[in-house]
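S.K.: Would you mind keeping the following structure in view while I ask a few things?
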Amino acid sequence: MRLPVLLLLASLLRAQGAFLVQPYLQLGDAPKAAAADRLDLLWQTEDRDAAWRVEVKVGGRWKPQVPAFRRLGAPPLPAHRIYQATLRDLPPGARVPYRVKRDGAVVFEAQAQVRKPGAHRVVVFGDAADGSREQGALAQAVAAQNPDAVFLTGDLVYGRGRASEYRAHFFPVYNSEAVPLMRRVPFLGVPGNHDVPWDLQRWPDTLAYFAYWSLPLNGPGLKAGEPGAAPAVRGVHDAVVAAAGPAFPRMASYSFDYGKVHWTVLDSNAYVDWMAPGMKAWLEEDLKAAQHATWRIVALHHPLFQSSRSHMDDQWMRPISPLLEKYGVDLVLAGHVHNYQRTAPLRFMPTKLGPRGKPVEGTFIVDEAFDGTTITRAKGVIHIVTGAGGAELYDRWQTDVRTSWQPWTRAFVSDRHSFTVLGVDGRRLKLRQLDAEGRELDAVTLTK
Ligand SMILES: [Fe+2]
């Protein structure tokens, strides 16, 4: 074997031995873009001391950053370390080389895509990491699209949001040599019902979202145990809550800007009441403050409007509709229902609220003129379900039975896995739905 090949193999082996989870990018607590932007870099190792350094190449020079770490000791995984460094002074839109050193030796190198100020593409999908063949195929197709960021609409990891499940079928799928996504672009997301405790007395390593992700901490200032906060039981979830630090429970909802788009990310789990005064006030303030943005997107797990027979009565987020319309939200991106759906632009006024799990009735105004090709200015909010990211599909038969769709549903694809590509360029937003082979299943353009 030739020397360069041997050297490459040696460095690969060294890199693999250094990490339990290889370095991955997060937006960090940076809701707003800045002239000197930032990203967080995280990785996981065994619970053992070593001298770690991160270096970022900015302006032709390697600048060192020192990571901190938190320890997570929640069975069944052995105690491990979550290292985190903030890469600072990054030029907007640049692709910045970085490398990670352990005890003086480079053990990892990649390039980070810094938040772009102008045109950009974000890939969106949900209901993802269940370890299926389809999840892997879709991850490869997403990487081939070369996105600038990825947003996951909840049910991030199956079945119970556990650290051990992230290790088994989340990080190896989205952050490998073959699918080098998370090391290149920031992943963002929102917890779904599978990411929070299902059975409060079991699975001490559930709630791993709060320990493993690093996202803005500008959501409602919830404290543990308060109404609207993700439930955690003392004596069961202590290790995860400790490792999460200030992220728990606050990081479940947040907002951020990417280019000229403002994203409002809502924890839509059944324990949250977005009509409760404190929660509603946060949502309204966030949308009001986002009037500077060209586009406004709300992302959550549970859809407001959808046509699938599955989860048909999970309508408890509908009461926020009038607020979204008042402040000019363009798109709502959801998951939970394992297929792809798009509505016409809608306006909805609830007339009858009920308990969780019962239909929320109201009156609809449907923009019948919008077609997304010749008429591209929408009068109302377009609701997307993009929950075909890996888990088993729901209601495959409905794709071909149009009479089973709600009257305002315009696209419905439930017979194959797929993901959404949002391309934003100034006052033009193009949404495309692609399958694992890159086939276009739906496309719509919005303009302002
Ligand atoms: Fe779900």
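By convention in this document, the chains of the structure tokens carry letters A, B, ... by their order, each chain's residues are numbered from 1, and ligands are numbered from 1 in the order they are shown.
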All residues within 12 Å of ligand 1 are required, counting only C-alpha atoms and all ligand atoms; please report them as JSON, numbers by chain.
M.R.: {"A": [126, 127, 128, 152, 153, 154, 155, 156, 157, 158, 159, 160, 161, 190, 191, 192, 193, 194, 195, 196, 198, 267, 268, 269, 270, 300, 301, 302, 303, 310, 311, 314, 334, 335, 336, 337, 338, 339, 385, 386, 387, 388, 389, 391, 392, 394]}
S.K.: Which residues come within 7 Å of Leu20 (chain A), counting only C-alpha atoms, excluding same-chain residues fewer than 5 positions away, as a ChimeraX atom specification?
M.R.: /A:44-46
S.K.: Would you write out those residues with N, CA, C and O atoms, as a PDB file, in the first residue's frame?
M.R.:
```
ATOM      1  N   GLN A  44     -18.906  13.850  21.208  1.00  0.00           N
ATOM      2  CA  GLN A  44     -19.015  13.041  22.420  1.00  0.00           C
ATOM      3  C   GLN A  44     -17.852  12.061  22.508  1.00  0.00           C
ATOM      4  O   GLN A  44     -17.422  11.507  21.488  1.00  0.00           O
ATOM      5  N   THR A  45     -17.393  11.891  23.727  1.00  0.00           N
ATOM      6  CA  THR A  45     -16.269  10.979  23.963  1.00  0.00           C
ATOM      7  C   THR A  45     -16.539  10.142  25.218  1.00  0.00           C
ATOM      8  O   THR A  45     -17.473  10.419  25.971  1.00  0.00           O
ATOM      9  N   GLU A  46     -15.674   9.176  25.417  1.00  0.00           N
ATOM     10  CA  GLU A  46     -15.711   8.453  26.691  1.00  0.00           C
ATOM     11  C   GLU A  46     -15.392   9.427  27.820  1.00  0.00           C
ATOM     12  O   GLU A  46     -14.833  10.498  27.586  1.00  0.00           O
TER      13      GLU A  46
END
```
S.K.: Which residue, A:Lys358, A:Lys280, A:His292, A:Arg95, has the smallest gap to Ile320 (chain A) when you use only C-alpha atoms?
M.R.: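 Ranking A:Lys358, A:Lys280, A:His292, A:Arg95 by distance to Ile320 (chain A), first place goes to A:Lys280.
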S.K.: Pick the closest to Gln306 (chain A) from A:Met279, A:Ala35, A:Val233, A:Val332: which is it, counting only C-alpha atoms?
M.R.: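 Of A:Met279, A:Ala35, A:Val233, A:Val332, the one nearest Gln306 (chain A) is A:Val332, counting only C-alpha atoms.
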S.K.: Using only C-alpha atoms, find each residue in region 398-438 of chain A having at least one atom no more than 9 Å away from region 256-265 of chain A; report its shortest atom-to-atom pair and that distance in Å (one decimal), rows by chain then rising number, as a Markdown table.
M.R.:
```
| residue | atom | partner | partner_atom | distance |
| --- | --- | --- | --- | --- |
| A:Val424 | CA | A:Val261 | CA | 8.2 |
| A:Asp425 | CA | A:Lys260 | CA | 8.7 |
| A:Gly426 | CA | A:Lys260 | CA | 7.2 |
| A:Arg427 | CA | A:Lys260 | CA | 8.9 |
```
S.K.: Leaving out Ala36 (chain A) and any residue of its chain fewer than 6 positions from it, which residues lie within 9 Å of it when counting only C-alpha atoms, given as a ChimeraX atom specification?
M.R.: /A:88-92
S.K.: Between A:Lys223, A:Ala239, A:Tyr209, A:Val54, which one has atoms that come closest to Arg70 (chain A), using only C-alpha atoms?
M.R.: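 The closest residue to Arg70 (chain A) is A:Ala239.
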S.K.: Can you list, as JSON, numbers by chain, every residue of region 93-265 of chain A that DSSP puts in strand (DSSP E)?
M.R.: {"A": [95, 96, 97, 98, 99, 100, 101, 102, 105, 106, 107, 108, 109, 110, 111, 112, 113, 120, 121, 122, 123, 124, 125, 149, 150, 151, 152, 187, 188, 189, 254, 255, 256, 257, 258, 261, 262, 263, 264, 265]}
S.K.: Please provide as number ranges by chain all residues within 8 Å of region 224-227 of chain A, with the sequence filter that same-chain residues fewer than 2 positions apart are discarded (counting only C-alpha atoms).
M.R.: A: 222, 229-232, 248-249, 271-272
S.K.: Please write the residues from the selection above to a file, keeping C-alpha atoms, as a PDB file, in the first residue's frame.
M.R.:
```pdb
ATOM      1  CA  LEU A 222     -40.264  28.142  31.473  1.00  0.00           C
ATOM      2  CA  ALA A 229     -42.612  22.583  30.359  1.00  0.00           C
ATOM      3  CA  ALA A 230     -41.574  19.123  29.203  1.00  0.00           C
ATOM      4  CA  PRO A 231     -42.152  16.726  32.108  1.00  0.00           C
ATOM      5  CA  ALA A 232     -39.166  15.268  33.938  1.00  0.00           C
ATOM      6  CA  PHE A 248     -33.999  22.265  30.019  1.00  0.00           C
ATOM      7  CA  PRO A 249     -36.869  22.948  29.680  1.00  0.00           C
ATOM      8  CA  TYR A 271     -48.619  19.375  27.777  1.00  0.00           C
ATOM      9  CA  VAL A 272     -48.280  22.864  26.217  1.00  0.00           C
TER      10      VAL A 272
END
```
S.K.: Name the residues in contact with Ala211 (chain A) at a cut-off of 12 Å, using only C-alpha atoms, excluding same-chain residues fewer than 6 positions from it; report them as number ranges by chain.
M.R.: A: 42-44, 69-74, 80-84, 161-163, 166, 195, 205, 237-252
S.K.: Let me see the file: selected residues, N, CA and C atoms, as an mmCIF file, in the first residue's frame.
M.R.:
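Produced file out.cif, reproduced below:
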```cif
data_model
loop_
_atom_site.group_PDB
_atom_site.id
_atom_site.type_symbol
_atom_site.label_atom_id
_atom_site.label_comp_id
_atom_site.auth_asym_id
_atom_site.auth_seq_id
_atom_site.Cartn_x
_atom_site.Cartn_y
_atom_site.Cartn_z
ATOM 1 N N LEU A 42 -20.250 20.374 18.595
ATOM 2 C CA LEU A 42 -20.352 19.424 19.706
ATOM 3 C C LEU A 42 -19.812 18.065 19.279
ATOM 4 N N TRP A 43 -19.306 17.310 20.208
ATOM 5 C CA TRP A 43 -18.935 15.923 19.961
ATOM 6 C C TRP A 43 -18.971 15.173 21.279
ATOM 7 N N GLN A 44 -18.906 13.850 21.208
ATOM 8 C CA GLN A 44 -19.015 13.041 22.420
ATOM 9 C C GLN A 44 -17.852 12.061 22.508
ATOM 10 N N PHE A 69 -17.048 20.800 28.628
ATOM 11 C CA PHE A 69 -17.811 19.554 28.505
ATOM 12 C C PHE A 69 -18.769 19.377 29.668
ATOM 13 N N ARG A 70 -19.825 18.621 29.385
ATOM 14 C CA ARG A 70 -20.773 18.173 30.403
ATOM 15 C C ARG A 70 -20.768 16.652 30.364
ATOM 16 N N ARG A 71 -21.086 16.047 31.480
ATOM 17 C CA ARG A 71 -21.057 14.587 31.568
ATOM 18 C C ARG A 71 -22.490 14.078 31.610
ATOM 19 N N LEU A 72 -22.765 13.021 30.860
ATOM 20 C CA LEU A 72 -24.091 12.406 30.925
ATOM 21 C C LEU A 72 -23.936 10.951 31.346
ATOM 22 N N GLY A 73 -24.462 10.667 32.506
ATOM 23 C CA GLY A 73 -24.421 9.287 33.016
ATOM 24 C C GLY A 73 -25.835 8.775 33.214
ATOM 25 N N ALA A 74 -26.466 8.343 32.131
ATOM 26 C CA ALA A 74 -27.845 7.837 32.193
ATOM 27 C C ALA A 74 -27.878 6.482 31.511
ATOM 28 N N HIS A 80 -20.661 9.413 29.577
ATOM 29 C CA HIS A 80 -19.845 9.943 28.486
ATOM 30 C C HIS A 80 -19.836 11.461 28.551
ATOM 31 N N ARG A 81 -18.946 12.059 27.779
ATOM 32 C CA ARG A 81 -18.804 13.516 27.790
ATOM 33 C C ARG A 81 -19.373 14.122 26.519
ATOM 34 N N ILE A 82 -20.052 15.259 26.693
ATOM 35 C CA ILE A 82 -20.551 16.041 25.572
ATOM 36 C C ILE A 82 -19.694 17.307 25.530
ATOM 37 N N TYR A 83 -18.786 17.357 24.568
ATOM 38 C CA TYR A 83 -17.933 18.545 24.432
ATOM 39 C C TYR A 83 -18.635 19.574 23.554
ATOM 40 N N GLN A 84 -18.378 20.830 23.860
ATOM 41 C CA GLN A 84 -19.041 21.900 23.108
ATOM 42 C C GLN A 84 -18.108 23.104 23.022
ATOM 43 N N GLY A 161 -36.854 9.144 22.319
ATOM 44 C CA GLY A 161 -35.955 10.288 22.492
ATOM 45 C C GLY A 161 -34.785 10.020 23.418
ATOM 46 N N ARG A 162 -34.287 8.766 23.394
ATOM 47 C CA ARG A 162 -33.265 8.364 24.366
ATOM 48 C C ARG A 162 -31.846 8.574 23.824
ATOM 49 N N ALA A 163 -30.932 8.850 24.742
ATOM 50 C CA ALA A 163 -29.524 9.020 24.370
ATOM 51 C C ALA A 163 -29.022 7.781 23.634
ATOM 52 N N TYR A 166 -30.150 7.883 20.062
ATOM 53 C CA TYR A 166 -29.323 8.815 19.249
ATOM 54 C C TYR A 166 -28.024 8.131 18.833
ATOM 55 N N ASP A 195 -40.024 12.463 21.554
ATOM 56 C CA ASP A 195 -38.774 13.005 22.107
ATOM 57 C C ASP A 195 -38.890 13.386 23.578
ATOM 58 N N ASP A 205 -32.693 7.792 30.135
ATOM 59 C CA ASP A 205 -31.935 8.532 29.116
ATOM 60 C C ASP A 205 -32.830 9.171 28.061
ATOM 61 N N HIS A 237 -35.039 11.234 35.754
ATOM 62 C CA HIS A 237 -34.408 11.945 34.644
ATOM 63 C C HIS A 237 -33.326 12.925 35.104
ATOM 64 N N ASP A 238 -32.854 12.787 36.337
ATOM 65 C CA ASP A 238 -31.901 13.760 36.901
ATOM 66 C C ASP A 238 -30.653 13.922 36.038
ATOM 67 N N ALA A 239 -30.116 12.811 35.526
ATOM 68 C CA ALA A 239 -28.838 12.883 34.803
ATOM 69 C C ALA A 239 -28.988 13.691 33.513
ATOM 70 N N VAL A 240 -30.068 13.476 32.798
ATOM 71 C CA VAL A 240 -30.269 14.199 31.537
ATOM 72 C C VAL A 240 -30.525 15.675 31.823
ATOM 73 N N VAL A 241 -31.341 15.945 32.833
ATOM 74 C CA VAL A 241 -31.648 17.345 33.171
ATOM 75 C C VAL A 241 -30.367 18.074 33.586
ATOM 76 N N ALA A 242 -29.504 17.395 34.358
ATOM 77 C CA ALA A 242 -28.247 18.023 34.777
ATOM 78 C C ALA A 242 -27.347 18.291 33.566
ATOM 79 N N ALA A 243 -27.282 17.332 32.651
ATOM 80 C CA ALA A 243 -26.424 17.503 31.469
ATOM 81 C C ALA A 243 -26.963 18.601 30.553
ATOM 82 N N ALA A 244 -28.290 18.791 30.578
ATOM 83 C CA ALA A 244 -28.904 19.806 29.706
ATOM 84 C C ALA A 244 -28.624 21.216 30.209
ATOM 85 N N GLY A 245 -28.454 21.378 31.518
ATOM 86 C CA GLY A 245 -28.207 22.715 32.066
ATOM 87 C C GLY A 245 -29.349 23.667 31.723
ATOM 88 N N PRO A 246 -29.026 24.898 31.272
ATOM 89 C CA PRO A 246 -30.081 25.894 31.007
ATOM 90 C C PRO A 246 -30.988 25.530 29.838
ATOM 91 N N ALA A 247 -30.615 24.516 29.042
ATOM 92 C CA ALA A 247 -31.450 24.133 27.898
ATOM 93 C C ALA A 247 -32.760 23.486 28.339
ATOM 94 N N PHE A 248 -32.777 22.906 29.547
ATOM 95 C CA PHE A 248 -33.999 22.265 30.019
ATOM 96 C C PHE A 248 -34.734 23.148 30.999
ATOM 97 N N PRO A 249 -36.029 23.401 30.787
ATOM 98 C CA PRO A 249 -36.869 22.948 29.680
ATOM 99 C C PRO A 249 -36.995 23.987 28.565
ATOM 100 N N ARG A 250 -36.186 25.053 28.656
ATOM 101 C CA ARG A 250 -36.443 26.236 27.829
ATOM 102 C C ARG A 250 -36.286 25.993 26.327
ATOM 103 N N MET A 251 -35.355 25.135 25.936
ATOM 104 C CA MET A 251 -34.970 25.022 24.522
ATOM 105 C C MET A 251 -36.031 24.308 23.656
ATOM 106 N N ALA A 252 -37.155 23.911 24.266
ATOM 107 C CA ALA A 252 -38.198 23.219 23.494
ATOM 108 C C ALA A 252 -38.842 24.132 22.456
#
```
S.K.: To one decimal in Å, tell me the separation between CA of Pro64 (chain A) and CA of Val114 (chain A).
M.R.: 17.4 Å
S.K.: Could you list, as JSON, numbers by chain, every residue within 9 Å of region 399-410 of chain A, counting only C-alpha atoms and ignoring same-chain residues fewer than 6 positions away?
M.R.: {"A": [305, 306, 307, 308, 309, 341, 342, 343, 344, 345, 346, 366, 367, 368]}
S.K.: One decimal, in Å: what's the spacing between CA of Arg416 (chain A) and CA of Arg428 (chain A)?
M.R.: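 Straight-line distance from CA of Arg416 (chain A) to CA of Arg428 (chain A) works out to 27.9 Å.
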S.K.: Pick out the closest residue to Gly60 (chain A) from this set: A:Ala378, A:Val21, A:Val96, A:Leu283. Count only C-alpha atoms.
M.R.: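 Comparing A:Ala378, A:Val21, A:Val96, A:Leu283 against Gly60 (chain A), the winner is A:Val96.
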S.K.: Rounded to one decimal place, report the CA of Trp203 (chain A)-CA of Pro76 (chain A) distance in Å.
M.R.: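 About the pair CA of Trp203 (chain A) and CA of Pro76 (chain A): they are 8.8 Å apart.
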S.K.: What parts of region 49-296 of chain A does DSSP call alpha helix (DSSP H)? I'd like the answer as a VMD selection string.
M.R.: chain A and resid 133 to 144 163 to 169 171 to 174 208 to 212 238 to 244 277 to 288
S.K.: Quick one: residues within 8 Å of Gly28 (chain A), only C-alpha atoms, excluding same-chain residues fewer than 3 positions away - as a VMD selection string?
M.R.: chain A and resid 38 to 40 86 214 to 216
S.K.: Given only C-alpha atoms as the basis, pick out the residue of A:Met312, A:Leu287, A:Thr445, A:His120 nearest to Tyr254 (chain A).
M.R.: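 Ranking A:Met312, A:Leu287, A:Thr445, A:His120 by distance to Tyr254 (chain A), first place goes to A:Leu287.
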S.K.: Which residue is closest to Val122 (chain A)? Choose from A:Ala443, A:Val413, A:Leu77, A:Val185 and count only C-alpha atoms.
M.R.: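 For Val122 (chain A), the nearest of the given residues is A:Val185.
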S.K.: Give me, as CSV, the closest atom pair and its distance (Å, one decimal) for every residue of region 182-257 of chain A within a cut-off of 12 Å of region 133-143 of chain A, counting only C-alpha atoms, rows sorted by chain and rising number.
M.R.:
```
residue,atom,partner,partner_atom,distance
A:Met182,CA,A:Ala143,CA,9.6
A:Arg183,CA,A:Ala143,CA,11.3
A:Arg184,CA,A:Ala143,CA,9.9
A:Val185,CA,A:Ala143,CA,10.0
```
